[in-house]
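Scroll down for the structure; my scribbles are underneath it.
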Amino acid sequence: MPETTPDSSAQHPASAQQAVPLIELDDASQVFHVKGKDLPAVSDVSLSVGPGEVLCLVGESGSGKTTTARLAAGLASPTSGTVRYEGKDLAEMTRAERREYRRAVQYIHQDPYASLNPIRSVHSTLAIPLKRHGLARTTAEVDERVDELLTTVDLTPPGSYSAKFPHQMSGGQRQRVAVARGLTLSPRLLIADESTSMLDVSIRVSLLNMLTKLRTEDGVGFIYITHDLALAKYFAWEGRTAVMYLGKIVEVGPTQQVINNPQHPYTKALLEAVPEPDPELAAQKKSGGGLVSAEIPSLSDLPSGCTFHPRCPLAQDRCRENVPVLEPVPGGAVQDVACMVVTNPRPDASAGSAASGAAGSAAGSAAGPAAGSATGGGGAP
Ligand SMILES: Nc1ncnc2c1ncn2[C@@H]1O[C@H](COP(=O)(O)OP(=O)(O)OP(=O)(O)O)[C@@H](O)[C@H]1O
Ligand code: SF4
Ligand SMILES: [Mg+2]
């Protein structure tokens with residue numbers, strides 16, 4: 001079976017509807033070479049985000065979220081595939097086009113410790129891009145805009161923070177400076193990489209509400225990256241969510257569908273792992289998300305066929321041999337999913353045989369509804 005991920009074009013409701021998206025990744029891959037081995041950190045990822053849209057990338061650590069974001073932000077060039085801003089291939093941009101792209105697409109780094117210059121005050125961190133791009137010319141204009149930005153990210157009164165250096169602030173305060181810097185150039189697309197992870201809940205909610213306002217009122221597009229599906233639900237409820245596993249998108253669709261009606265066994269496991277405050281509901285959750293194994297395979301030695309098969313409670317023999325393709329789910333669900341058991345269900349005597357022992361019972365309990373919904377809705381071929 002060919003290994004492809006279809007373009008997020010307007011052919012499917014899980015995809016962006018804009019004629020020319022702000023950002024588009026088309027079969028983009030990034031292979032790192034470490035100690036003589038290839039690490040395919042991102043493989044054939046296609047996605048697009050238009051003005052006012054939000055796409056949330058979720059997945060475990062090492063699934064390729066940041067690498068994908070860095071490709072979209074032009075911080076790395078894809079090993080293969082294409083990245084386009086407003087339809088223009090980044091690799092073919094003129095200097096002027098690149099400059100506009102650099103202004104319009106801002107990446108907020110997941111690690112503010114690493115991204116803020118330790119010898120630059122908060123004021124100078126925010127003032128430099130404003131001056132460089134001619135967005136504030138006089139000292140008074142610069143000061144006013146810096147104060148506005150600090151207020152926007154709840155660093156108030158701004159005068160208390162302007163003169164500080166990164167080492168004089170907490171992790172959460174640094175993270176807010178990083179967000180403020182992302183806003184300095186009035187971007188059209190913001191790539192927020194775990195940008196609220198160090199904030200306490202009230203600050204996080206206020207920052208997310210501020211970012212939502214940028215999206216709904218100013219039409220800013222977002223790629224929002226998080227481990228936390230509860231945050232995806234909060235920030236991208238009206239947008240789309242793409243679930244990544246070992247460098248590939250395994251499920252993508254409207255967030256409401258992906259969360260309320262997940263189709264891929266990995267998405268289901270991630271949702272099972274979300275902490276549940278109600279003790280009765282928590283007791284119903286499967287331990288380990290219902291996965292056969294908690295161990296994430298190494299990128300340098302990927303399992304054959306579907307790379308999720310050693311952990312998958314639904315794995316069949318064919319999963320070890322064939323690479324699943326990201327394709328629409330048959331029946332009512334509107335998302336795309338890379339799981340042959342969901343998209344191409346057929347009787348398989350070996351269902352669950354890749355799992356063993358307790359895993360086998362997990363397969364038994366999980367296989368019914370998943371296979372049932374795909375078969376019942378779309379009709380097995
Ligand atoms: N510069 C690099 N050189 C070699 N390997 C890298 C490099 N950057 C990332 N990787 C590897 O690529 C894989 C994907 O990394 P990435 O940072 O994109 O994952 P992530 O989903 O953002 O993880 P996290 O949730 O921990 O931030 C990981 O195995 C990582 O170790
Ligand atoms: S059922 Fe097979 S194809 Fe689907 S996720 Fe599991 S191992 Fe992969
Ligand atoms: Mg990351």
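Every chain in the structure tokens takes a letter, A first, then B, and so on in the order presented; its residues are numbered from 1, and the ligands are numbered from 1 following the presented order.
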Taking only residues of chain A that have an atom at most 10 Å from an atom of ligand 3, what is each one's shortest atom pair and its distance in Å to one decimal, using only C-alpha atoms and all ligand atoms, in chain and number order, as a tab-separated table?
residue	atom	partner	partner_atom_place_in_ligand_line	distance
A:Val58	CA	ligand 3	1 (Mg)	9.8
A:Gly59	CA	ligand 3	1 (Mg)	9.5
A:Glu60	CA	ligand 3	1 (Mg)	9.1
A:Ser61	CA	ligand 3	1 (Mg)	6.8
A:Gly62	CA	ligand 3	1 (Mg)	6.9
A:Ser63	CA	ligand 3	1 (Mg)	8.1
A:Gly64	CA	ligand 3	1 (Mg)	7.0
A:Lys65	CA	ligand 3	1 (Mg)	5.4
A:Thr66	CA	ligand 3	1 (Mg)	4.0
A:Thr67	CA	ligand 3	1 (Mg)	7.2
A:Thr68	CA	ligand 3	1 (Mg)	9.1
A:Ala69	CA	ligand 3	1 (Mg)	8.6
A:Arg70	CA	ligand 3	1 (Mg)	9.7
A:His109	CA	ligand 3	1 (Mg)	8.8
A:Gln110	CA	ligand 3	1 (Mg)	6.6
A:Asp111	CA	ligand 3	1 (Mg)	8.9
A:Asp193	CA	ligand 3	1 (Mg)	6.7
A:Glu194	CA	ligand 3	1 (Mg)	7.3
A:Ile225	CA	ligand 3	1 (Mg)	7.8
A:Thr226	CA	ligand 3	1 (Mg)	8.2
A:His227	CA	ligand 3	1 (Mg)	8.8
**Prompt:** Within 9 Å of ligand 2, counting only C-alpha atoms and all ligand atoms, which protein or nucleic acid residues do you find, written as a PyMOL selection string?
**Reply:** chain A and resi 250+264-266+305-320+322-325+337-343+351-352+354+367
Residues just named, written with C-alpha atoms as a JSON list (two decimals), in the first residue's frame:
[["chain", "number", "residue", "atom", "x", "y", "z"],
["A", 250, "VAL", "CA", -2.67, 9.75, 12.07],
["A", 264, "HIS", "CA", -7.74, 6.20, 15.49],
["A", 265, "PRO", "CA", -6.78, 3.90, 18.38],
["A", 266, "TYR", "CA", -3.95, 6.30, 19.26],
["A", 305, "GLY", "CA", 3.82, -1.51, 8.43],
["A", 306, "CYS", "CA", 1.78, 0.68, 10.74],
["A", 307, "THR", "CA", 4.35, 2.09, 13.16],
["A", 308, "PHE", "CA", 1.71, 2.06, 15.89],
["A", 309, "HIS", "CA", 1.17, -1.72, 15.70],
["A", 310, "PRO", "CA", 3.36, -2.76, 18.70],
["A", 311, "ARG", "CA", 1.19, -0.55, 20.95],
["A", 312, "CYS", "CA", -2.17, -0.90, 19.25],
["A", 313, "PRO", "CA", -4.99, -2.83, 20.92],
["A", 314, "LEU", "CA", -6.65, -3.37, 17.51],
["A", 315, "ALA", "CA", -3.58, -4.58, 15.62],
["A", 316, "GLN", "CA", -4.06, -7.34, 13.06],
["A", 317, "ASP", "CA", -1.50, -9.26, 11.05],
["A", 318, "ARG", "CA", -1.95, -6.97, 8.05],
["A", 319, "CYS", "CA", -0.94, -4.00, 10.24],
["A", 320, "ARG", "CA", 2.61, -5.34, 10.43],
["A", 322, "ASN", "CA", 0.99, -2.50, 5.26],
["A", 323, "VAL", "CA", 1.40, 1.21, 5.84],
["A", 324, "PRO", "CA", -1.97, 2.82, 6.50],
["A", 325, "VAL", "CA", -2.93, 5.83, 4.41],
["A", 337, "VAL", "CA", -7.60, 8.68, 9.74],
["A", 338, "ALA", "CA", -4.57, 6.49, 9.04],
["A", 339, "CYS", "CA", -5.82, 3.14, 10.28],
["A", 340, "MET", "CA", -6.69, 0.34, 7.89],
["A", 341, "VAL", "CA", -8.89, -1.38, 10.44],
["A", 342, "VAL", "CA", -11.05, 1.75, 10.64],
["A", 343, "THR", "CA", -11.02, 2.75, 6.98],
["A", 351, "ALA", "CA", -7.50, -9.55, 15.08],
["A", 352, "GLY", "CA", -5.69, -8.74, 18.27],
["A", 354, "ALA", "CA", -0.26, -8.61, 17.68],
["A", 367, "ALA", "CA", -12.22, -3.68, 18.71]]
From a backbone DSSP assignment, name each residue in stretch 41-134 of chain A labelled strand (DSSP E or B), as a PDB file with C-alpha atoms, in the first residue's frame.
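The resulting selection_9.pdb:
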ATOM      1  CA  ALA A  41      11.170  13.213  12.542  1.00  0.00           C
ATOM      2  CA  VAL A  42       8.403  14.316  10.150  1.00  0.00           C
ATOM      3  CA  SER A  43       7.139  12.150   7.280  1.00  0.00           C
ATOM      4  CA  ASP A  44       4.909  13.334   4.451  1.00  0.00           C
ATOM      5  CA  VAL A  45       2.921  15.785   6.507  1.00  0.00           C
ATOM      6  CA  SER A  46       0.318  17.838   4.658  1.00  0.00           C
ATOM      7  CA  LEU A  47      -1.647  20.544   6.371  1.00  0.00           C
ATOM      8  CA  SER A  48      -2.985  24.000   5.750  1.00  0.00           C
ATOM      9  CA  VAL A  49      -4.220  26.922   7.812  1.00  0.00           C
ATOM     10  CA  VAL A  54      -6.798  27.270  14.132  1.00  0.00           C
ATOM     11  CA  LEU A  55      -5.102  23.934  13.676  1.00  0.00           C
ATOM     12  CA  CYS A  56      -4.051  22.155  16.825  1.00  0.00           C
ATOM     13  CA  LEU A  57      -1.179  19.648  16.689  1.00  0.00           C
ATOM     14  CA  VAL A  58      -1.263  17.076  19.468  1.00  0.00           C
ATOM     15  CA  SER A  80      11.438  16.737   0.844  1.00  0.00           C
ATOM     16  CA  GLY A  81       8.044  18.247   0.110  1.00  0.00           C
ATOM     17  CA  THR A  82       6.980  21.866  -0.007  1.00  0.00           C
ATOM     18  CA  VAL A  83       6.090  24.643   2.399  1.00  0.00           C
ATOM     19  CA  ARG A  84       4.061  27.529   0.953  1.00  0.00           C
ATOM     20  CA  TYR A  85       3.026  30.888   2.371  1.00  0.00           C
ATOM     21  CA  LYS A  88       4.298  30.776  -2.682  1.00  0.00           C
ATOM     22  CA  ASP A  89       6.952  28.092  -2.165  1.00  0.00           C
ATOM     23  CA  VAL A 105       4.482  34.214  10.421  1.00  0.00           C
ATOM     24  CA  GLN A 106       5.688  34.220  14.008  1.00  0.00           C
ATOM     25  CA  TYR A 107       6.808  31.220  15.999  1.00  0.00           C
ATOM     26  CA  ILE A 108       6.526  31.259  19.773  1.00  0.00           C
TER      27      ILE A 108
END
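Take atom CA of A:Arg103 and atom CA of A:Gly87: the distance between them is 16.4 Å.
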**Request:** Considering only C-alpha atoms, state which residue in the set A:Leu25, A:Ile203, A:Ala178, A:Ala232 is at the smallest distance from A:Leu190.
**Result:**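 Closest to A:Leu190 of all the choices is A:Ala178.
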**Prompt:** For the atom pair atom CA of A:Ala72 and atom CA of A:Leu211, what is the interatomic distance in Å to one decimal place?
**Reply:**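 Separating atom CA of A:Ala72 from atom CA of A:Leu211 is a distance of 18.9 Å.
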**Fill in**
Using only C-alpha atoms and all ligand atoms, the residue out of A:Val20, A:Met93, A:Val205, A:Met244 with shortest distance to ligand 1 is A:Met244
**Å distance separating atom CA of A:Val252 from atom CA of A:Ala91, one decimal place** =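 Between atom CA of A:Val252 and atom CA of A:Ala91 the gap works out to 26.6 Å.
Closest approach to ligand 1 from the set A:Pro51, A:Gly290, A:Phe222, A:Ser77 is made by A:Ser77, with distances taken over only C-alpha atoms and all ligand atoms.
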Closest atom pairs, residues of stretch 58-121 of chain A within 8 Å of stretch 170-174 of chain A, only C-alpha atoms, as a Markdown table:
| residue | atom | partner | partner_atom | distance |
| --- | --- | --- | --- | --- |
| A:Pro112 | CA | A:Arg174 | CA | 5.9 |
| A:Tyr113 | CA | A:Arg174 | CA | 7.4 |
| A:Leu116 | CA | A:Arg174 | CA | 7.9 |
**Message:** as a VMD selection string, please: the residues near stretch 128-135 of chain A (cut-off 8 Å, only C-alpha atoms, same-chain neighbours under 4 positions excluded).
**Reply:** chain A and resid 124 142 184 to 185
Please write the residues from the selection above to a file, keeping C-alpha atoms, as a PDB file, in the first residue's frame.
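Produced file again.pdb, reproduced below:
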ATOM      1  CA  SER A 124      14.790  45.772  24.094  1.00  0.00           C
ATOM      2  CA  VAL A 142       8.251  52.352  20.860  1.00  0.00           C
ATOM      3  CA  THR A 184       5.179  42.646  18.042  1.00  0.00           C
ATOM      4  CA  LEU A 185       4.901  42.484  14.260  1.00  0.00           C
TER       5      LEU A 185
END
**Asked** Which residue out of A:Gln168, A:Thr138, A:Thr267, A:Gln30 has the minimum interatomic distance to A:Leu299 when only C-alpha atoms are used?
**Response** A:Gln30
**Message:** List as a PyMOL selection string the protein and nucleic acid residues near A:Leu302, meaning an atom at most 10 Å away when only C-alpha atoms are counted, but skip any in the same chain fewer than 5 places from it.
**Reply:** chain A and resi 39-40+246+296-297+307-308
**Message:** With DSSP run on the backbone, what are the helix (DSSP H, G or I) residues within stretch 23-88 of chain A? I'd like them as a PyMOL selection string.
**Reply:** chain A and resi 65-72
Using C-alpha atoms, can you export the residues from the last selection as a short mmCIF file (atom, residue, chain, number, x, y, z; two decimals), in the first residue's frame?
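Result written to out-v2.cif:
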data_model
loop_
_atom_site.label_atom_id
_atom_site.label_comp_id
_atom_site.auth_asym_id
_atom_site.auth_seq_id
_atom_site.Cartn_x
_atom_site.Cartn_y
_atom_site.Cartn_z
CA LYS A 65 5.07 18.61 16.53
CA THR A 66 7.90 21.11 16.98
CA THR A 67 9.72 19.91 13.87
CA THR A 68 6.52 20.40 11.86
CA ALA A 69 6.06 23.85 13.39
CA ARG A 70 9.64 24.80 12.55
CA LEU A 71 9.03 23.82 8.92
CA ALA A 72 5.90 25.99 8.83
#
**Message:** Report as a PyMOL selection string all protein, DNA and RNA residues lying within 9 Å of A:Ala333, evaluated on only C-alpha atoms, omitting residues in the same chain fewer than 3 positions from it.
**Reply:** chain A and resi 257+261-263+328-330+336+374+377
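Shortest atom-to-atom contact with ligand 1 among A:Ile249, A:Val258, A:Val179, A:Val274: A:Ile249, counting only C-alpha atoms and all ligand atoms.
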